[in-house]
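Down below is the structure, laid out as C-alpha cells.
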Amino acid sequence: MNIVVLVKQVPDTGAERTLSQADHALDREGAELVLDEINERTAEEALRLKETSDADITVVSMGPDSALDAIRKVLAMGGDRGIHICDDRLHGADVLTTAKVLAAAVRTVADVDLVLAGDATTDGRASAVPAVVAELLGLPQVTHVRQLDVDAGRVRAERETENGQATLDAPLPALVSVTEKINEPRYPSFKGIMAAKKKPVDTVGLDDLFPDAGDAGFLVTRTRVVEAVLRPPRAAGIRITDEGSAGRSMAAYLIAQKLL
C-alpha cells in the first residue's frame with residue numbers, strides 16, 4: 001500500500017505570534033517553526049498502518065527551505081521518502097492554490113492508495129485543503145476522522161459530530177483527514193533521526209509540477225490583507241451596587257443595549 005502524508009510546518013502555538021508588516025501575513029521569519037501538531041498525528045496514523053501492512057510512506061510538504069525540517073521529522077518517525085515543494089512564488093498561497101499544488105505533487109507518486117492529512121492546521125484553520133485536494137484528485141474524501149481502519153481495499157472511519165458519531169466507508173484509493181483525537185504520536189528515536197538524514201527527499205517547484213502552465217504565471221492568491229489592527233483592550237464593565245434598585249438599573253442597562 002502506498003500512503004502519502006500531507007504535512008505543514010507552522011509557527012509554534014506555544015510562542016508569541018506576530019503579523020508581517022509587509023503583507024500582514026503570519027510572520028514566520030521571527031517565529032519558532034515546528035511540525036504542526038495535527039500532522040504529527042497524521043504521520044502516526046500512517047506509521048500504524050505500515051506496522052500492520054506492507055506500506056510505503058511518502059511525506060509531502062509545501063513551504064520554504066525550513067519546511068524540510070518538518071519532512072525530516074516524519075522520516076525520523078518512520079516515513080520512507082519525501083517531496084518538498086519549495087518555490088518563492090508560493091508565498092502567501094491561498095487554500096485553492098495550496099490544494100492544487102499538493103494535488104500535483106501527489107500525482108507524481110505512483111499508485112497511491114491512501115492520502116492522509118490533518119483536518120486543519122494551527123496557523124490557517126481553513127479546514128478546506130484536504131477536501132479540495134480530494135476533489136482535484138477525484139478521490140472519495142473521509143474527513144474529520146477520529147478512528148480509522150483499512151482492510152480489504154476499503155477505509156472505515158468514525159467521525160465525531162455535535163449529535164453523536166458517524167461511521168463512514170469508502171473504497172481505496174481515498175483521502176482521509178484526521179482530528180487531534182485520532183492517536184498519540186510517537187517520538188522519533190535516535191536511530192530514526194540518524195536514518196532520516198539518508199532518506200531521499202525530492203525538491204520540486206512550480207515549473208516541475210506544472211510544466212505546461214505557460215508564461216502567464218501562477219495565480220497564487222486571489223485575496224490580500226490590506227490592513228490589520230490590534231484588538232482594542234477590554235474595557236472595564238459597569239458595576240451595579242444593590243441598594244434596593246439594582247434590578248431596575250440592570251433592566252435599564254439591558255434596554256439601552258437593546259438586549260431587552
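Going by the C-alpha cells order, chains are called A, B, ..., each with residues numbered from 1, while ligands are numbered from 1 in the order shown.
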Quick one: residues within 8 Å of Val59 of chain A, only C-alpha atoms, excluding same-chain residues fewer than 6 positions away - as a PDB file with C-alpha atoms, in the first residue's frame?
```
ATOM      1  CA  VAL A   4       1.014   9.893   1.025  1.00  0.00           C
ATOM      2  CA  VAL A   5       1.077  12.064   4.141  1.00  0.00           C
ATOM      3  CA  LEU A   6       0.496  15.804   3.742  1.00  0.00           C
ATOM      4  CA  VAL A   7       2.266  17.865   6.417  1.00  0.00           C
ATOM      5  CA  ILE A  71       9.608  16.378   6.393  1.00  0.00           C
ATOM      6  CA  VAL A  74       8.266  12.457   9.813  1.00  0.00           C
ATOM      7  CA  LEU A  75      11.025  10.496   8.114  1.00  0.00           C
ATOM      8  CA  GLY A  79       8.439   7.619   6.797  1.00  0.00           C
ATOM      9  CA  ASP A  80      10.252   6.387   3.701  1.00  0.00           C
ATOM     10  CA  ARG A  81      10.767   9.379   1.399  1.00  0.00           C
ATOM     11  CA  GLY A  82       9.760  12.995   0.999  1.00  0.00           C
ATOM     12  CA  ILE A  83       8.692  15.574  -1.554  1.00  0.00           C
TER      13      ILE A  83
END
```
Note to self: Please return, as a ChimeraX atom specification, all residues of segment 32-166 of chain A that DSSP assigns to helix (DSSP H, G or I) on the basis of the backbone.
What the structure shows: /A:37-52,67-77,88-90,95-107,129-137
Write a file of the just-selected residues containing C-alpha atoms, as a tab-separated table (two decimals), in the first residue's frame.
```
chain	number	residue	atom	x	y	z
A	37	GLU	CA	0.62	19.06	15.91
A	38	ILE	CA	-2.21	17.55	13.90
A	39	ASN	CA	0.29	16.46	11.25
A	40	GLU	CA	2.25	14.53	13.88
A	41	ARG	CA	-0.92	12.53	14.46
A	42	THR	CA	-1.43	12.20	10.70
A	43	ALA	CA	2.06	10.73	10.37
A	44	GLU	CA	1.49	8.46	13.35
A	45	GLU	CA	-1.65	7.03	11.76
A	46	ALA	CA	0.31	6.26	8.57
A	47	LEU	CA	3.01	4.54	10.62
A	48	ARG	CA	0.43	2.41	12.45
A	49	LEU	CA	-0.95	1.27	9.12
A	50	LYS	CA	2.59	0.49	7.99
A	51	GLU	CA	3.07	-1.74	11.04
A	52	THR	CA	0.10	-3.91	10.05
A	67	ALA	CA	9.88	23.10	5.72
A	68	LEU	CA	12.43	20.38	5.04
A	69	ASP	CA	12.76	20.04	8.83
A	70	ALA	CA	9.10	19.03	9.06
A	71	ILE	CA	9.61	16.38	6.39
A	72	ARG	CA	12.74	15.06	8.11
A	73	LYS	CA	10.88	14.71	11.41
A	74	VAL	CA	8.27	12.46	9.81
A	75	LEU	CA	11.02	10.50	8.11
A	76	ALA	CA	12.67	10.12	11.53
A	77	MET	CA	9.38	8.78	12.88
A	88	ASP	CA	9.27	31.62	-3.69
A	89	ARG	CA	6.25	32.27	-5.92
A	90	LEU	CA	4.08	30.29	-3.49
A	95	VAL	CA	-6.44	27.47	0.00
A	96	LEU	CA	-7.17	26.72	-3.66
A	97	THR	CA	-3.60	27.26	-4.82
A	98	THR	CA	-2.23	25.19	-1.93
A	99	ALA	CA	-4.60	22.35	-2.78
A	100	LYS	CA	-3.72	22.49	-6.49
A	101	VAL	CA	0.00	22.30	-5.75
A	102	LEU	CA	-0.36	19.49	-3.22
A	103	ALA	CA	-2.59	17.53	-5.59
A	104	ALA	CA	0.00	17.91	-8.36
A	105	ALA	CA	2.69	16.58	-6.03
A	106	VAL	CA	0.55	13.59	-5.05
A	107	ARG	CA	0.12	12.77	-8.74
A	129	VAL	CA	-7.47	21.95	1.88
A	130	PRO	CA	-7.98	18.16	2.28
A	131	ALA	CA	-11.45	18.30	0.73
A	132	VAL	CA	-10.21	20.36	-2.23
A	133	VAL	CA	-7.23	18.03	-2.77
A	134	ALA	CA	-9.60	15.04	-2.79
A	135	GLU	CA	-11.85	16.77	-5.34
A	136	LEU	CA	-8.91	17.62	-7.60
A	137	LEU	CA	-7.62	14.04	-7.43
```
Note to self: So that I can see what lies close to Arg146 of chain A, please list as a PyMOL selection string the residues with an atom at most 7 Å from it, counting only C-alpha atoms and leaving out residues fewer than 5 positions away in the same chain.
What the structure shows: chain A and resi 158-160+178-179+181-182
Note to self: For Leu26 of chain A, find every residue with an atom within 10 Å (counting only C-alpha atoms), except residues of its own chain fewer than 5 positions away, and show them as a list in words.
What the structure shows: Val10, Pro11, Arg17, Thr18, Leu19, Ser20, Gln21, Ala31, Gly92, Asp123 and Gly124 of chain A
Note to self: Which residues are near segment 202-208 of chain A? Cut-off 7 Å, only C-alpha atoms, ignore same chain within fewer than 3 positions. Put them as a ChimeraX atom specification.
What the structure shows: /A:82-87,211
Let's have the selection written as a tab-separated table (two decimals), in the first residue's frame, with all heavy atoms.
```
chain	number	residue	atom	x	y	z
A	82	GLY	N	10.47	11.72	0.93
A	82	GLY	CA	9.76	13.00	1.00
A	82	GLY	C	9.74	13.74	-0.32
A	82	GLY	O	10.58	13.51	-1.20
A	83	ILE	N	8.77	14.64	-0.43
A	83	ILE	CA	8.69	15.57	-1.55
A	83	ILE	C	8.53	16.96	-0.95
A	83	ILE	O	7.55	17.23	-0.25
A	83	ILE	CB	7.51	15.27	-2.49
A	83	ILE	CG1	7.66	13.89	-3.12
A	83	ILE	CG2	7.41	16.34	-3.59
A	83	ILE	CD1	6.47	13.48	-3.99
A	84	HIS	N	9.49	17.82	-1.21
A	84	HIS	CA	9.47	19.18	-0.68
A	84	HIS	C	9.14	20.15	-1.82
A	84	HIS	O	9.92	20.29	-2.76
A	84	HIS	CB	10.82	19.53	-0.07
A	84	HIS	CG	10.89	20.91	0.49
A	84	HIS	ND1	12.09	21.58	0.72
A	84	HIS	CD2	9.92	21.77	0.88
A	84	HIS	CE1	11.84	22.77	1.20
A	84	HIS	NE2	10.54	22.92	1.31
A	85	ILE	N	7.98	20.79	-1.73
A	85	ILE	CA	7.58	21.77	-2.74
A	85	ILE	C	8.08	23.13	-2.26
A	85	ILE	O	7.56	23.69	-1.29
A	85	ILE	CB	6.05	21.81	-2.91
A	85	ILE	CG1	5.53	20.39	-3.16
A	85	ILE	CG2	5.66	22.74	-4.04
A	85	ILE	CD1	4.04	20.24	-2.93
A	86	CYS	N	9.09	23.64	-2.93
A	86	CYS	CA	9.74	24.89	-2.50
A	86	CYS	C	9.83	25.84	-3.68
A	86	CYS	O	10.52	25.55	-4.66
A	86	CYS	CB	11.13	24.58	-1.93
A	86	CYS	SG	11.97	26.01	-1.22
A	87	ASP	N	9.12	26.95	-3.59
A	87	ASP	CA	9.11	27.93	-4.67
A	87	ASP	C	8.70	29.28	-4.08
A	87	ASP	O	7.64	29.40	-3.46
A	87	ASP	CB	8.13	27.52	-5.77
A	87	ASP	CG	8.36	28.25	-7.08
A	87	ASP	OD1	8.42	29.49	-7.05
A	87	ASP	OD2	8.46	27.58	-8.12
A	211	PRO	N	4.56	21.88	-15.80
A	211	PRO	CA	5.46	22.21	-16.91
A	211	PRO	C	4.76	22.86	-18.09
A	211	PRO	O	5.42	23.53	-18.90
A	211	PRO	CB	6.05	20.85	-17.29
A	211	PRO	CG	5.03	19.85	-16.84
A	211	PRO	CD	4.44	20.43	-15.59
```
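In this comparison, which uses only C-alpha atoms, the residue of A:Val225, A:Ala15, A:Tyr253, A:Gly138 approaching Ile238 of chain A most closely is A:Tyr253.
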Notebook entry, point to check: Where does DSSP see strand (DSSP E) in segment 7-187 of chain A, if you list the residues as a VMD selection string?
Noted result: chain A and resid 7 9 to 11 33 to 35 56 to 62 81 to 85 114 to 118 141 to 151 154 to 161 164 to 171 174 to 178
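Distance-wise, atom CA of Ala170 of chain A and atom CA of Leu148 of chain A end up 11.4 Å apart.
Put simply, atom CA of Gln257 of chain A is 25.7 Å away from atom CA of Val229 of chain A.
Each of A:Gly192, A:Gly78, A:Gly164, A:Gly118 was compared to Thr143 of chain A using only C-alpha atoms, and A:Gly118 turns out to be the nearest.
Candidate residues A:Arg239, A:His91, A:Arg156, A:His144 were compared for distance to Asp119 of chain A, and the nearest is A:His144, using only C-alpha atoms.
The interatomic distance for the pair atom CA of Ser61 of chain A and atom CA of Ile3 of chain A works out to 14.1 Å.
Each of A:Val226, A:Tyr187, A:Gly244, A:Ser177 was checked against Ser127 of chain A using only C-alpha atoms; the smallest atom-to-atom distance is that of A:Ser177.
Taking only C-alpha atoms into account, Val150 of chain A lies nearest to A:Leu172 out of the set A:Ala93, A:Leu172, A:Met62, A:Val34.
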